[in-house]
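Structure below is run.txt: compact mmCIF, C-alpha atoms and all ligand atoms.
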```
# COMPACT_ATOMS: atom_id res chain seq x y z
CA MET A 1492 5.49 -13.58 -17.40
CA HIS A 1493 8.16 -13.45 -14.71
CA ILE A 1494 6.62 -12.11 -11.49
CA VAL A 1495 9.13 -11.47 -8.73
CA GLY A 1496 7.53 -11.29 -5.28
CA ALA A 1497 4.50 -13.26 -4.14
CA GLY A 1498 3.11 -10.77 -1.62
CA PRO A 1499 -0.56 -9.79 -2.02
CA VAL A 1500 -0.01 -7.92 -5.30
CA GLY A 1501 2.23 -10.52 -7.01
CA LEU A 1502 -0.26 -13.22 -6.02
CA LEU A 1503 -3.28 -11.29 -7.27
CA LEU A 1504 -1.58 -10.56 -10.57
CA THR A 1505 -0.68 -14.25 -10.94
CA ALA A 1506 -4.28 -15.27 -10.19
CA LEU A 1507 -5.52 -12.79 -12.82
CA LEU A 1508 -3.09 -13.95 -15.50
CA GLN A 1509 -3.44 -17.68 -14.74
CA PRO A 1510 -6.64 -18.29 -16.76
CA MET A 1511 -5.42 -16.31 -19.81
CA GLU A 1512 -4.82 -18.40 -22.87
CA GLY A 1513 -1.21 -18.50 -24.05
CA VAL A 1514 0.15 -16.95 -20.84
CA SER A 1515 2.46 -18.80 -18.49
CA VAL A 1516 3.68 -17.33 -15.23
CA ARG A 1517 6.85 -17.94 -13.26
CA LEU A 1518 6.34 -16.66 -9.72
CA TYR A 1519 9.42 -16.14 -7.54
CA GLU A 1520 9.21 -15.68 -3.75
CA LYS A 1521 11.91 -15.61 -1.11
CA ARG A 1522 9.74 -16.30 1.97
CA SER A 1523 8.88 -19.90 2.78
CA ASP A 1524 5.67 -19.07 4.66
CA TYR A 1525 3.15 -16.25 5.06
CA THR A 1526 3.59 -15.00 8.62
CA ARG A 1527 2.51 -11.32 8.60
CA THR A 1528 -0.50 -11.17 10.91
CA ARG A 1529 -1.21 -7.42 10.91
CA MET A 1530 -4.89 -6.64 10.41
CA VAL A 1531 -5.72 -4.96 7.12
CA THR A 1532 -8.83 -4.14 5.16
CA LEU A 1533 -9.52 -3.48 1.50
CA ALA A 1534 -11.21 -0.30 0.25
CA PRO A 1535 -14.80 -0.80 -1.00
CA TYR A 1536 -14.03 1.01 -4.30
CA LEU A 1537 -12.07 -2.07 -5.32
CA VAL A 1538 -15.25 -4.08 -5.82
CA ALA A 1539 -17.48 -1.17 -6.92
CA GLU A 1540 -20.07 -2.24 -9.48
CA SER A 1541 -20.66 1.20 -11.00
CA VAL A 1542 -18.66 4.34 -11.68
CA GLU A 1543 -20.85 6.20 -9.13
CA SER A 1544 -20.05 3.78 -6.32
CA TYR A 1545 -16.35 3.79 -7.32
CA CYS A 1546 -16.26 7.58 -6.85
CA THR A 1547 -18.11 7.58 -3.52
CA ASP A 1548 -15.42 8.49 -1.05
CA SER A 1549 -15.72 11.04 1.73
CA ILE A 1550 -12.16 12.32 1.19
CA ASP A 1551 -11.24 12.27 -2.48
CA GLU A 1552 -14.46 11.99 -4.45
CA ASP A 1553 -13.86 15.38 -6.12
CA SER A 1554 -10.23 14.54 -6.94
CA ILE A 1555 -11.23 11.30 -8.67
CA GLY A 1556 -13.67 13.25 -10.86
CA ALA A 1557 -11.00 15.87 -11.64
CA ILE A 1558 -8.10 13.51 -12.37
CA PHE A 1559 -9.70 10.69 -14.31
CA ASP A 1560 -11.63 11.05 -17.56
CA PRO A 1561 -15.06 9.38 -17.51
CA ASP A 1562 -13.82 6.89 -20.18
CA GLU A 1563 -10.96 5.83 -17.94
CA LEU A 1564 -13.30 5.16 -15.03
CA VAL A 1565 -15.52 3.06 -17.30
CA GLU A 1566 -12.48 1.16 -18.61
CA GLY A 1567 -11.24 0.51 -15.04
CA LEU A 1568 -14.66 -0.80 -14.10
CA ALA A 1569 -14.67 -3.13 -17.11
CA PHE A 1570 -11.24 -4.48 -16.10
CA ARG A 1571 -12.43 -5.16 -12.58
CA GLN A 1572 -15.67 -6.73 -13.77
CA SER A 1573 -13.67 -9.25 -15.80
CA ILE A 1574 -12.01 -10.58 -12.62
CA PRO A 1575 -12.87 -14.30 -12.30
CA ASP A 1576 -15.68 -15.07 -9.83
CA ASP A 1577 -13.52 -17.15 -7.45
CA LEU A 1578 -11.17 -14.22 -6.96
CA MET A 1579 -13.90 -11.60 -6.82
CA ALA A 1580 -15.65 -13.51 -4.03
CA LEU A 1581 -12.47 -13.28 -1.95
CA LEU A 1582 -12.03 -9.55 -2.67
CA ARG A 1583 -15.64 -8.80 -1.68
CA GLY A 1584 -15.14 -10.57 1.65
CA TRP A 1585 -12.01 -8.52 2.43
CA THR A 1586 -13.78 -5.19 1.91
CA LEU A 1587 -16.29 -5.99 4.66
CA GLY A 1588 -13.98 -6.04 7.67
CA PHE A 1589 -10.44 -6.54 8.87
CA CYS A 1590 -8.43 -9.68 8.31
CA PRO A 1591 -4.80 -10.65 8.82
CA LEU A 1592 -2.53 -9.87 5.88
CA ASN A 1593 -1.37 -13.49 5.75
CA THR A 1594 -4.99 -14.66 5.34
CA ILE A 1595 -5.17 -12.61 2.14
CA GLU A 1596 -1.83 -14.01 0.98
CA ARG A 1597 -2.67 -17.64 1.82
CA SER A 1598 -6.16 -17.48 0.32
CA ILE A 1599 -4.93 -16.21 -3.07
CA SER A 1600 -1.99 -18.60 -2.98
CA ASP A 1601 -4.32 -21.56 -2.24
CA LEU A 1602 -6.69 -20.44 -4.98
CA ILE A 1603 -3.85 -20.44 -7.54
CA ASP A 1604 -2.86 -23.97 -6.45
CA ALA A 1605 -6.45 -25.25 -6.32
CA ARG A 1606 -7.13 -24.22 -9.90
CA GLY A 1607 -4.73 -26.98 -10.83
CA SER A 1608 -3.47 -25.40 -14.05
CA SER A 1609 0.07 -25.94 -15.24
CA SER A 1610 0.43 -22.36 -16.38
CA VAL A 1611 1.89 -21.17 -13.06
CA GLN A 1612 5.28 -22.35 -11.94
CA ARG A 1613 6.52 -21.29 -8.52
CA THR A 1614 10.17 -20.80 -7.70
CA PRO A 1615 11.15 -20.38 -4.04
CA SER A 1616 14.26 -18.21 -4.18
CA VAL A 1617 15.75 -14.81 -3.47
CA VAL A 1618 16.09 -13.14 -6.84
CA THR A 1619 18.92 -10.63 -7.27
CA ALA A 1620 18.64 -7.61 -9.55
CA ASP A 1621 21.12 -9.17 -11.99
CA GLU A 1622 19.17 -12.43 -12.07
CA ALA A 1623 15.95 -10.51 -12.68
CA ILE A 1624 17.53 -8.52 -15.51
CA GLY A 1625 18.76 -11.83 -16.97
CA MET A 1626 15.16 -13.11 -17.09
CA VAL A 1627 14.19 -10.51 -19.67
CA ASP A 1628 14.07 -12.15 -23.07
CA PRO A 1629 12.03 -11.41 -26.18
CA GLY A 1630 8.39 -12.35 -25.70
CA SER A 1631 8.54 -12.19 -21.93
CA ILE A 1632 7.37 -9.55 -19.48
CA LEU A 1633 9.11 -9.03 -16.13
CA ILE A 1634 6.96 -7.64 -13.32
CA ASP A 1635 8.55 -6.49 -10.09
CA CYS A 1636 6.17 -6.97 -7.13
CA THR A 1637 8.88 -6.97 -4.46
CA GLY A 1638 7.32 -4.29 -2.26
CA SER A 1639 8.48 -0.92 -0.98
CA ASN A 1640 12.20 -1.82 -1.21
CA SER A 1641 11.71 -2.73 -4.85
CA LEU A 1642 14.38 -4.84 -6.53
CA LEU A 1643 14.35 -2.99 -9.85
CA ARG A 1644 12.86 0.47 -9.23
CA ASP A 1645 16.18 2.30 -9.34
CA HIS A 1646 17.38 0.31 -12.38
CA LEU A 1647 14.58 1.48 -14.63
CA THR A 1648 15.85 4.86 -15.82
CA LEU A 1649 18.49 5.37 -18.46
CA ASP A 1650 20.18 7.89 -16.13
CA GLY A 1651 23.38 6.51 -14.73
CA HIS A 1652 24.05 4.33 -17.76
CA ASP A 1653 26.58 5.28 -20.41
CA GLY A 1654 28.43 7.43 -17.88
CA ALA A 1655 25.49 9.82 -17.30
CA ALA A 1656 24.96 11.08 -13.75
CA ALA A 1657 23.03 8.49 -11.77
CA ALA A 1658 19.63 9.66 -10.62
CA THR A 1659 17.29 7.71 -8.45
CA ASN A 1660 13.96 6.70 -9.91
CA THR A 1661 12.36 7.03 -6.48
CA LEU A 1662 10.55 10.23 -5.55
CA LYS A 1663 10.07 10.25 -1.78
CA VAL A 1664 8.24 12.74 0.43
CA ARG A 1665 8.79 12.24 4.14
CA LEU A 1666 5.54 13.21 5.83
CA GLU A 1667 6.52 12.58 9.43
CA TYR A 1668 7.97 10.15 11.94
CA ALA A 1669 5.41 8.28 13.95
CA LEU A 1670 4.73 5.59 16.48
CA VAL A 1671 2.13 3.13 15.25
CA ILE A 1672 0.41 1.73 18.34
CA THR A 1673 -1.86 -1.29 18.03
CA PHE A 1674 -3.93 -2.95 20.73
CA LEU A 1675 -7.00 -5.08 21.28
CA TYR A 1676 -9.87 -3.72 23.35
CA GLY A 1677 -12.58 -5.86 24.94
CA GLN A 1678 -15.57 -3.71 23.96
CA PRO A 1679 -16.91 -2.17 20.75
CA TYR A 1680 -15.07 1.09 20.12
CA ASP A 1681 -15.29 3.32 17.12
CA CYS A 1682 -13.63 6.69 16.66
CA ASN A 1683 -14.43 9.88 14.82
CA GLU A 1684 -13.00 13.41 14.73
CA TYR A 1685 -14.92 14.54 17.86
CA CYS A 1686 -13.57 11.56 19.77
CA LYS A 1687 -10.04 12.34 18.59
CA TYR A 1688 -10.42 15.91 19.85
CA PHE A 1689 -12.13 15.41 23.21
CA LYS A 1690 -10.02 12.44 24.29
CA ASN A 1691 -6.89 14.50 23.56
CA VAL A 1692 -8.00 17.72 25.27
CA GLU A 1693 -5.44 17.32 28.07
CA ASN A 1694 -2.69 16.26 25.66
CA PRO A 1695 -1.01 19.45 24.45
CA HIS A 1696 1.68 17.36 22.71
CA TYR A 1697 1.80 13.80 21.43
CA LYS A 1698 -1.85 13.50 20.54
CA PHE A 1699 -2.91 9.89 20.05
CA ILE A 1700 -4.84 9.66 16.80
CA PRO A 1701 -6.66 6.46 15.87
CA MET A 1702 -6.02 5.94 12.17
CA VAL A 1703 -8.71 6.43 9.53
CA HIS A 1704 -10.76 3.23 9.29
CA ARG A 1705 -8.36 1.44 11.59
CA THR A 1706 -10.71 0.58 14.46
CA HIS A 1707 -12.79 -2.49 13.95
CA TYR A 1708 -15.02 -4.59 16.24
CA ASP A 1709 -15.06 -8.22 15.16
CA GLY A 1710 -17.85 -9.35 17.51
CA SER A 1711 -15.68 -9.92 20.58
CA VAL A 1712 -12.78 -7.44 20.47
CA SER A 1713 -11.96 -4.12 18.83
CA HIS A 1714 -8.73 -3.84 16.90
CA VAL A 1715 -7.39 -0.32 17.40
CA THR A 1716 -4.44 1.24 15.55
CA GLY A 1717 -3.39 4.78 16.30
CA ILE A 1718 -0.43 6.99 15.58
CA VAL A 1719 1.51 9.54 17.60
CA SER A 1720 3.84 11.96 15.80
CA ILE A 1721 7.39 12.04 17.15
CA THR A 1722 10.50 14.03 16.26
CA ALA A 1723 13.36 12.75 14.12
CA GLU A 1724 15.60 12.67 17.23
CA GLU A 1725 13.08 10.59 19.19
CA PHE A 1726 12.76 8.27 16.22
CA GLU A 1727 16.53 7.71 16.08
CA ALA A 1728 16.69 6.90 19.80
CA MET A 1729 14.01 4.17 19.69
CA PRO A 1730 14.27 0.49 18.77
CA PRO A 1731 12.15 -0.48 15.74
CA ARG A 1732 9.56 -2.36 17.82
CA PHE A 1733 8.67 -2.36 21.53
CA ASP A 1734 5.81 -2.71 24.05
CA GLY A 1735 3.89 -0.40 26.38
CA GLY A 1736 6.33 -0.99 29.29
CA TRP A 1737 9.31 0.18 27.24
CA LEU A 1738 7.44 3.31 26.12
CA ARG A 1739 6.41 4.17 29.73
CA ARG A 1740 10.00 3.77 30.97
CA HIS A 1741 11.76 5.66 28.18
CA HIS A 1742 9.22 8.17 26.88
CA PRO A 1743 6.86 8.90 29.80
CA ASP A 1744 5.37 12.02 28.13
CA VAL A 1745 4.31 10.08 25.05
CA ALA A 1746 3.03 7.22 27.23
CA ARG A 1747 1.00 9.61 29.44
CA SER A 1748 -0.80 11.08 26.43
CA MET A 1749 -1.58 7.66 25.07
CA ASP A 1750 -2.73 6.32 28.46
CA ARG A 1751 -4.96 9.38 28.99
CA PHE A 1752 -6.61 8.70 25.67
CA ILE A 1753 -7.09 5.00 26.42
CA ASP A 1754 -8.44 5.78 29.94
CA LYS A 1755 -11.12 7.95 28.37
CA VAL A 1756 -12.06 5.16 26.00
CA LYS A 1757 -12.37 2.85 29.03
CA GLU A 1758 -14.47 5.37 31.03
CA GLU A 1759 -16.87 5.62 28.14
CA THR A 1760 -17.19 1.99 27.14
CA HIS A 1761 -16.14 0.09 30.32
CA GLY A 1762 -13.70 -2.27 28.63
CA GLU A 1763 -10.07 -3.26 29.10
CA VAL A 1764 -7.04 -3.40 26.84
CA LEU A 1765 -6.40 -7.08 26.15
CA GLY A 1766 -2.73 -8.06 26.30
CA ASP A 1767 0.05 -5.56 25.70
CA LEU A 1768 0.45 -2.73 23.25
CA ASP A 1769 2.40 -3.43 20.09
CA ILE A 1770 4.40 -0.38 19.05
CA VAL A 1771 6.52 0.19 15.95
CA ARG A 1772 8.32 3.38 15.04
CA ILE A 1773 8.26 4.18 11.33
CA PRO A 1774 8.99 7.07 9.01
CA LEU A 1775 5.76 7.81 7.16
CA ASP A 1776 6.86 8.18 3.56
CA LEU A 1777 4.86 8.92 0.45
CA TYR A 1778 6.73 7.73 -2.64
CA ARG A 1779 6.51 6.72 -6.24
CA ALA A 1780 8.66 5.45 -9.06
CA ARG A 1781 9.05 8.30 -11.55
CA HIS A 1782 9.13 5.58 -14.18
CA ALA A 1783 6.92 2.60 -13.36
CA THR A 1784 8.12 0.79 -16.50
CA ASN A 1785 11.21 0.56 -18.73
CA ARG A 1786 9.46 2.60 -21.46
CA GLN A 1787 12.53 4.89 -21.76
CA TRP A 1788 14.73 1.89 -22.56
CA LEU A 1789 12.34 0.40 -25.11
CA THR A 1790 11.91 3.64 -27.02
CA SER A 1791 15.67 4.38 -26.94
CA GLY A 1792 16.40 1.42 -29.21
CA ARG A 1793 18.98 0.07 -26.73
CA SER A 1794 18.77 -3.55 -27.90
CA ASP A 1795 22.25 -4.28 -26.42
CA HIS A 1796 20.66 -4.34 -22.94
CA PRO A 1797 17.84 -6.72 -21.87
CA PHE A 1798 15.74 -3.68 -20.77
CA GLY A 1799 15.83 -2.44 -24.38
CA ARG A 1800 14.14 -5.61 -25.62
CA SER A 1801 11.08 -6.47 -23.50
CA PRO A 1802 8.71 -4.80 -21.01
CA VAL A 1803 9.65 -4.47 -17.36
CA ILE A 1804 6.95 -3.19 -15.03
CA LEU A 1805 6.61 -2.26 -11.35
CA ALA A 1806 3.37 -3.12 -9.52
CA GLY A 1807 2.10 -2.66 -5.97
CA ASP A 1808 4.30 -1.11 -3.27
CA SER A 1809 7.22 -1.44 -5.61
CA ALA A 1810 5.71 1.37 -7.75
CA ILE A 1811 3.85 3.62 -5.31
CA GLY A 1812 2.91 3.86 -1.64
CA SER A 1813 1.47 6.08 1.04
CA PRO A 1814 1.08 5.51 4.77
CA TYR A 1815 -2.39 7.09 4.83
CA PHE A 1816 -3.77 5.14 1.89
CA GLN A 1817 -5.16 1.66 1.48
CA SER A 1818 -2.01 0.53 -0.31
CA ILE A 1819 -3.09 -3.06 -0.88
CA SER A 1820 -6.23 -1.83 -2.65
CA LEU A 1821 -4.14 0.55 -4.71
CA GLY A 1822 -1.76 -2.28 -5.61
CA PHE A 1823 -4.71 -4.56 -6.45
CA GLU A 1824 -6.23 -1.91 -8.66
CA CYS A 1825 -2.96 -1.43 -10.54
CA ALA A 1826 -2.60 -5.21 -10.89
CA SER A 1827 -6.08 -5.58 -12.35
CA TYR A 1828 -5.49 -2.69 -14.77
CA LEU A 1829 -2.17 -4.24 -15.82
CA ALA A 1830 -3.76 -7.67 -16.32
CA GLY A 1831 -6.39 -5.97 -18.50
CA LEU A 1832 -3.64 -4.42 -20.64
CA ILE A 1833 -1.76 -7.71 -20.95
CA ALA A 1834 -4.99 -9.40 -22.09
CA ARG A 1835 -5.20 -6.92 -24.98
CA ARG A 1836 -3.12 -8.72 -27.58
CA ASP A 1837 -3.72 -5.86 -30.04
CA LEU A 1838 -1.57 -3.45 -27.98
CA ALA A 1839 2.08 -3.01 -28.95
CA PRO A 1840 4.46 -3.22 -25.94
CA GLU A 1841 5.23 0.53 -26.11
CA ASP A 1842 1.50 1.37 -26.12
CA MET A 1843 0.89 -0.93 -23.19
CA LEU A 1844 3.65 0.74 -21.18
CA ASP A 1845 2.42 4.22 -22.18
CA ARG A 1846 -1.04 3.44 -20.91
CA TYR A 1847 0.22 1.89 -17.71
CA GLU A 1848 2.51 4.88 -17.01
CA ARG A 1849 -0.40 7.28 -17.55
CA PHE A 1850 -2.63 5.26 -15.26
CA MET A 1851 0.04 5.10 -12.56
CA TYR A 1852 0.68 8.85 -12.79
CA LYS A 1853 -3.01 9.52 -12.23
CA GLN A 1854 -3.07 7.14 -9.30
CA TRP A 1855 -0.07 9.03 -7.91
CA LEU A 1856 -1.87 12.39 -8.24
CA ARG A 1857 -4.80 10.96 -6.35
CA VAL A 1858 -2.67 9.43 -3.59
CA TYR A 1859 -0.46 12.51 -3.31
CA MET A 1860 -3.39 14.93 -2.99
CA ARG A 1861 -5.15 12.74 -0.48
CA SER A 1862 -2.05 12.12 1.64
CA LYS A 1863 -1.02 15.77 1.73
CA MET A 1864 -4.53 16.79 2.72
CA ILE A 1865 -4.63 14.26 5.55
CA LYS A 1866 -1.20 15.39 6.73
CA HIS A 1867 -2.26 19.02 6.63
CA ASN A 1868 -5.41 18.25 8.61
CA LYS A 1869 -3.29 16.36 11.13
CA ASP A 1870 -0.97 19.37 11.48
CA LEU A 1871 -3.97 21.63 12.11
CA PHE A 1872 -5.32 19.18 14.64
CA GLU A 1873 -2.00 19.13 16.52
CA SER A 1874 -2.34 22.93 16.95
CA ILE A 1875 -6.03 23.05 17.68
CA ASP A 1876 -5.51 24.26 21.27
CA HIS A 1877 -3.22 27.11 20.16
CA PRO A 1878 -5.12 29.55 17.92
CA LEU A 1879 -2.04 31.52 16.81
CA GLU A 1880 -0.15 28.37 15.83
CA LEU A 1881 -3.27 27.14 14.09
CA LEU A 1882 -3.69 30.37 12.12
CA GLN A 1883 -0.09 30.18 10.92
CA LYS A 1884 -0.79 26.80 9.39
CA LEU A 1885 -3.98 27.85 7.62
CA HIS A 1886 -3.71 28.90 4.00
CA ILE A 1887 -6.73 31.06 3.39
CA TYR A 1888 -7.07 32.83 0.09
C1 LIG A 1901 1.84 -1.48 9.94
C2 LIG A 1901 1.25 -1.53 8.56
C3 LIG A 1901 -0.15 -1.57 8.42
C4 LIG A 1901 -0.72 -1.62 7.15
N1 LIG A 1901 -2.09 -1.62 7.02
C5 LIG A 1901 -2.66 -1.65 5.79
C6 LIG A 1901 -4.08 -1.66 5.61
O1 LIG A 1901 -4.88 -1.67 6.55
N2 LIG A 1901 -4.58 -1.66 4.36
C7 LIG A 1901 -3.75 -1.68 3.27
O2 LIG A 1901 -4.24 -1.68 2.15
N3 LIG A 1901 -2.41 -1.70 3.41
C8 LIG A 1901 -1.85 -1.68 4.63
N4 LIG A 1901 -0.49 -1.68 4.75
C9 LIG A 1901 0.35 -1.72 3.52
C10 LIG A 1901 0.36 -3.14 2.91
O3 LIG A 1901 0.83 -4.08 3.84
C11 LIG A 1901 1.22 -3.12 1.66
O4 LIG A 1901 0.72 -2.12 0.80
C12 LIG A 1901 1.18 -4.46 0.89
O5 LIG A 1901 1.69 -5.51 1.67
C13 LIG A 1901 1.98 -4.34 -0.41
O6 LIG A 1901 1.88 -5.52 -1.15
P1 LIG A 1901 2.97 -5.89 -2.23
O7 LIG A 1901 2.61 -7.27 -2.70
O8 LIG A 1901 3.11 -4.80 -3.21
O9 LIG A 1901 4.37 -5.92 -1.44
P2 LIG A 1901 4.81 -6.81 -0.19
O10 LIG A 1901 3.66 -7.14 0.67
O11 LIG A 1901 5.96 -6.10 0.42
O12 LIG A 1901 5.31 -8.16 -0.86
C14 LIG A 1901 6.54 -8.24 -1.55
C15 LIG A 1901 6.91 -9.72 -1.67
O13 LIG A 1901 8.09 -9.85 -2.45
C16 LIG A 1901 8.98 -10.76 -1.83
N5 LIG A 1901 10.33 -10.36 -2.24
C17 LIG A 1901 10.95 -9.17 -1.99
N6 LIG A 1901 12.18 -9.16 -2.54
C18 LIG A 1901 12.33 -10.36 -3.15
C19 LIG A 1901 13.40 -10.93 -3.90
N7 LIG A 1901 14.55 -10.27 -4.11
N8 LIG A 1901 13.27 -12.21 -4.38
C20 LIG A 1901 12.11 -12.89 -4.15
N9 LIG A 1901 11.06 -12.38 -3.45
C21 LIG A 1901 11.17 -11.13 -2.96
C22 LIG A 1901 8.71 -10.53 -0.34
O14 LIG A 1901 9.14 -11.65 0.43
C23 LIG A 1901 7.20 -10.35 -0.32
O15 LIG A 1901 6.50 -11.55 -0.22
C24 LIG A 1901 0.11 -1.64 6.00
C25 LIG A 1901 1.52 -1.64 6.14
C26 LIG A 1901 2.08 -1.58 7.42
C27 LIG A 1901 3.59 -1.57 7.55
```
Using the file provided, produce a representation of the structure as structure tokens.
Ligand SMILES: Cc1cc2nc3c(=O)[nH]c(=O)nc-3n(C[C@H](O)[C@H](O)[C@H](O)COP(=O)(O)OP(=O)(O)OC[C@H]3O[C@@H](n4cnc5c(N)ncnc54)[C@H](O)[C@@H]3O)c2cc1C
Amino acid sequence: MHIVGAGPVGLLLTALLQPMEGVSVRLYEKRSDYTRTRMVTLAPYLVAESVESYCTDSIDEDSIGAIFDPDELVEGLAFRQSIPDDLMALLRGWTLGFCPLNTIERSISDLIDARGSSSVQRTPSVVTADEAIGMVDPGSILIDCTGSNSLLRDHLTLDGHDGAAAATNTLKVRLEYALVITFLYGQPYDCNEYCKYFKNVENPHYKFIPMVHRTHYDGSVSHVTGIVSITAEEFEAMPPRFDGGWLRRHHPDVARSMDRFIDKVKEETHGEVLGDLDIVRIPLDLYRARHATNRQWLTSGRSDHPFGRSPVILAGDSAIGSPYFQSISLGFECASYLAGLIARRDLAPEDMLDRYERFMYKQWLRVYMRSKMIKHNKDLFESIDHPLELLQKLHIY
């Protein structure tokens, strides 16, 4: 196996494949150290021990039941239950609270090294698309785990080859532009929909909305992440990252709304913001690879090109992503499903890719429905003080 990208998903996949007999992994990574400290959490469904607990989700429980066949849910559970104990213990820990992204990366990386097997070989290098394509030889599988700016995603379709019109393999839906504001708060603070409403009552525009499951008290401080929607023009005029002072100087209206919200949190819980605010401006995009594998190439009989000879697969953010979803958990779930398919020596490559594509399409349906619903609810919330605006956004049969 050639796995390009040792972020959380590439590492998990490596750790899953490492104990498999007859499998050797070459893992390529361009970064020399794991430095991303943003706090993340894993979704509990990832370590669910029964189909019932897997489906228990306040937002998309019904969708899961509608999209997946019962057999598929049972199969997914069996894949996850075959995850080695050392790895499962780590996953369980990460579903309980927040931890820095680089803790997840380092822990899996250390686990791979500590197992002491010779079946994983690490290569520290930046891999180019041509180099990756050159790795594909009969008997190998190339897995692209290079994240949202995937190395190979737009190389996977046959479109654009043989003089046909080039078409991107990336389907992208821009949901909104937003400021993601993160800060530490010296008291326990938890948020729900009532809190979001009442603390924003005096904010007709630029409502500050703590993100779903993104407040967490670790015993001494609360980690709070919230978003404020901004226009495309405001987005263009901002630097990618800045602090509270910059926001107050350049966008006083946005800053006032945010400060009003934070003041109300302080009134209620008598704490202080610790340190400065960390603010990034990002486009919130929902996207997927229309083809998460090179199935089209393999079935076309194009043996003159490496993609016509062996499987090439996208996993993690390289295949699918949503700003409102637990993307690491989604990537981990896809990685464990893929490892389960690779373990099935009875499956022909085309069948393996067929099954993976089907699985990824269903994951996409789930993520798409959930993300659009959250966005729609957010739009309604933005208009909650203006009944006519609100009514225009409601779609009532
Ligand atoms: C602000 C923010 C907050 C987030 N919070 C959460 C959260 O709470 N929960 C959650 O589940 N998700 C969260 N996410 C998303 C999460 O970080 C990603 O889903 C996750 O990191 C994706 O993992 P990955 O391994 O697929 O890709 P990445 O983490 O992007 O890893 C890709 C790896 O590939 C390497 N690479 C790339 N190109 C090459 C190349 N050409 N050659 C060699 N190596 C290469 C990179 O160096 C990197 O190590 C958040 C994201 C952001 C931006």
Out of A:Phe1872, A:Phe1699, A:Phe1816, A:Phe1726, which residue has the shortest atom-to-atom distance to ligand LIG 1901 (chain A) when counting all atoms listed in the file?
->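 Looking only at the distances to ligand LIG 1901 (chain A), the closest residue turns out to be A:Phe1816.
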Atom CA of A:Lys1869 and atom CA of A:Glu1824, how far apart in Å?
->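 Distance reported for this atom pair: 27.1 Å.
Distances here use only C-alpha atoms; by that measure, the residue among A:Pro1695, A:Pro1615, A:Gly1588, A:Gly1513 closest to A:Arg1751 is A:Pro1695.
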Could you list the protein, DNA and RNA residues that have any atom within 8 Å of ligand LIG 1901 (chain A), counting only C-alpha atoms and all ligand atoms, and write them as a compact mmCIF listing (two decimals) with C-alpha atoms, in the coordinates of the input?
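Saved as out_17.txt:
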```txt
# COMPACT_ATOMS: atom_id res chain seq x y z
CA VAL A 1495 9.13 -11.47 -8.73
CA GLY A 1496 7.53 -11.29 -5.28
CA ALA A 1497 4.50 -13.26 -4.14
CA GLY A 1498 3.11 -10.77 -1.62
CA PRO A 1499 -0.56 -9.79 -2.02
CA VAL A 1500 -0.01 -7.92 -5.30
CA GLY A 1501 2.23 -10.52 -7.01
CA LEU A 1502 -0.26 -13.22 -6.02
CA TYR A 1519 9.42 -16.14 -7.54
CA GLU A 1520 9.21 -15.68 -3.75
CA LYS A 1521 11.91 -15.61 -1.11
CA ARG A 1522 9.74 -16.30 1.97
CA TYR A 1525 3.15 -16.25 5.06
CA ARG A 1529 -1.21 -7.42 10.91
CA MET A 1530 -4.89 -6.64 10.41
CA VAL A 1531 -5.72 -4.96 7.12
CA THR A 1532 -8.83 -4.14 5.16
CA LEU A 1533 -9.52 -3.48 1.50
CA ALA A 1534 -11.21 -0.30 0.25
CA PHE A 1589 -10.44 -6.54 8.87
CA LEU A 1592 -2.53 -9.87 5.88
CA PRO A 1615 11.15 -20.38 -4.04
CA SER A 1616 14.26 -18.21 -4.18
CA VAL A 1617 15.75 -14.81 -3.47
CA VAL A 1618 16.09 -13.14 -6.84
CA THR A 1619 18.92 -10.63 -7.27
CA ALA A 1620 18.64 -7.61 -9.55
CA CYS A 1636 6.17 -6.97 -7.13
CA THR A 1637 8.88 -6.97 -4.46
CA GLY A 1638 7.32 -4.29 -2.26
CA SER A 1639 8.48 -0.92 -0.98
CA ASN A 1640 12.20 -1.82 -1.21
CA SER A 1641 11.71 -2.73 -4.85
CA LEU A 1642 14.38 -4.84 -6.53
CA VAL A 1671 2.13 3.13 15.25
CA ARG A 1705 -8.36 1.44 11.59
CA VAL A 1771 6.52 0.19 15.95
CA ALA A 1806 3.37 -3.12 -9.52
CA GLY A 1807 2.10 -2.66 -5.97
CA ASP A 1808 4.30 -1.11 -3.27
CA SER A 1809 7.22 -1.44 -5.61
CA GLY A 1812 2.91 3.86 -1.64
CA PRO A 1814 1.08 5.51 4.77
CA PHE A 1816 -3.77 5.14 1.89
CA GLN A 1817 -5.16 1.66 1.48
CA SER A 1818 -2.01 0.53 -0.31
CA ILE A 1819 -3.09 -3.06 -0.88
CA SER A 1820 -6.23 -1.83 -2.65
CA LEU A 1821 -4.14 0.55 -4.71
CA GLY A 1822 -1.76 -2.28 -5.61
```
Within 7 Å of A:Gly1799, counting only C-alpha atoms, which residues show up once you throw out same-chain ones fewer than 6 positions away? Write them as a PyMOL selection string, please.
-> chain A and resi 1788-1789+1792-1793
Export of the given selection (C-alpha atoms) as a compact mmCIF listing (two decimals), in the coordinates of the input:
```txt
# COMPACT_ATOMS: atom_id res chain seq x y z
CA TRP A 1788 14.73 1.89 -22.56
CA LEU A 1789 12.34 0.40 -25.11
CA GLY A 1792 16.40 1.42 -29.21
CA ARG A 1793 18.98 0.07 -26.73
```
For atom CA of A:Thr1614 and atom CA of A:Val1516, quote the distance in Å rounded to one decimal.
->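 Between atom CA of A:Thr1614 and atom CA of A:Val1516 the gap is 10.5 Å.
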Measuring atom to atom with all atoms listed in the file, identify which of A:Ser1523, A:Ser1862, A:Ser1791, A:Thr1648 is nearest to A:Leu1775.
-> A:Ser1862
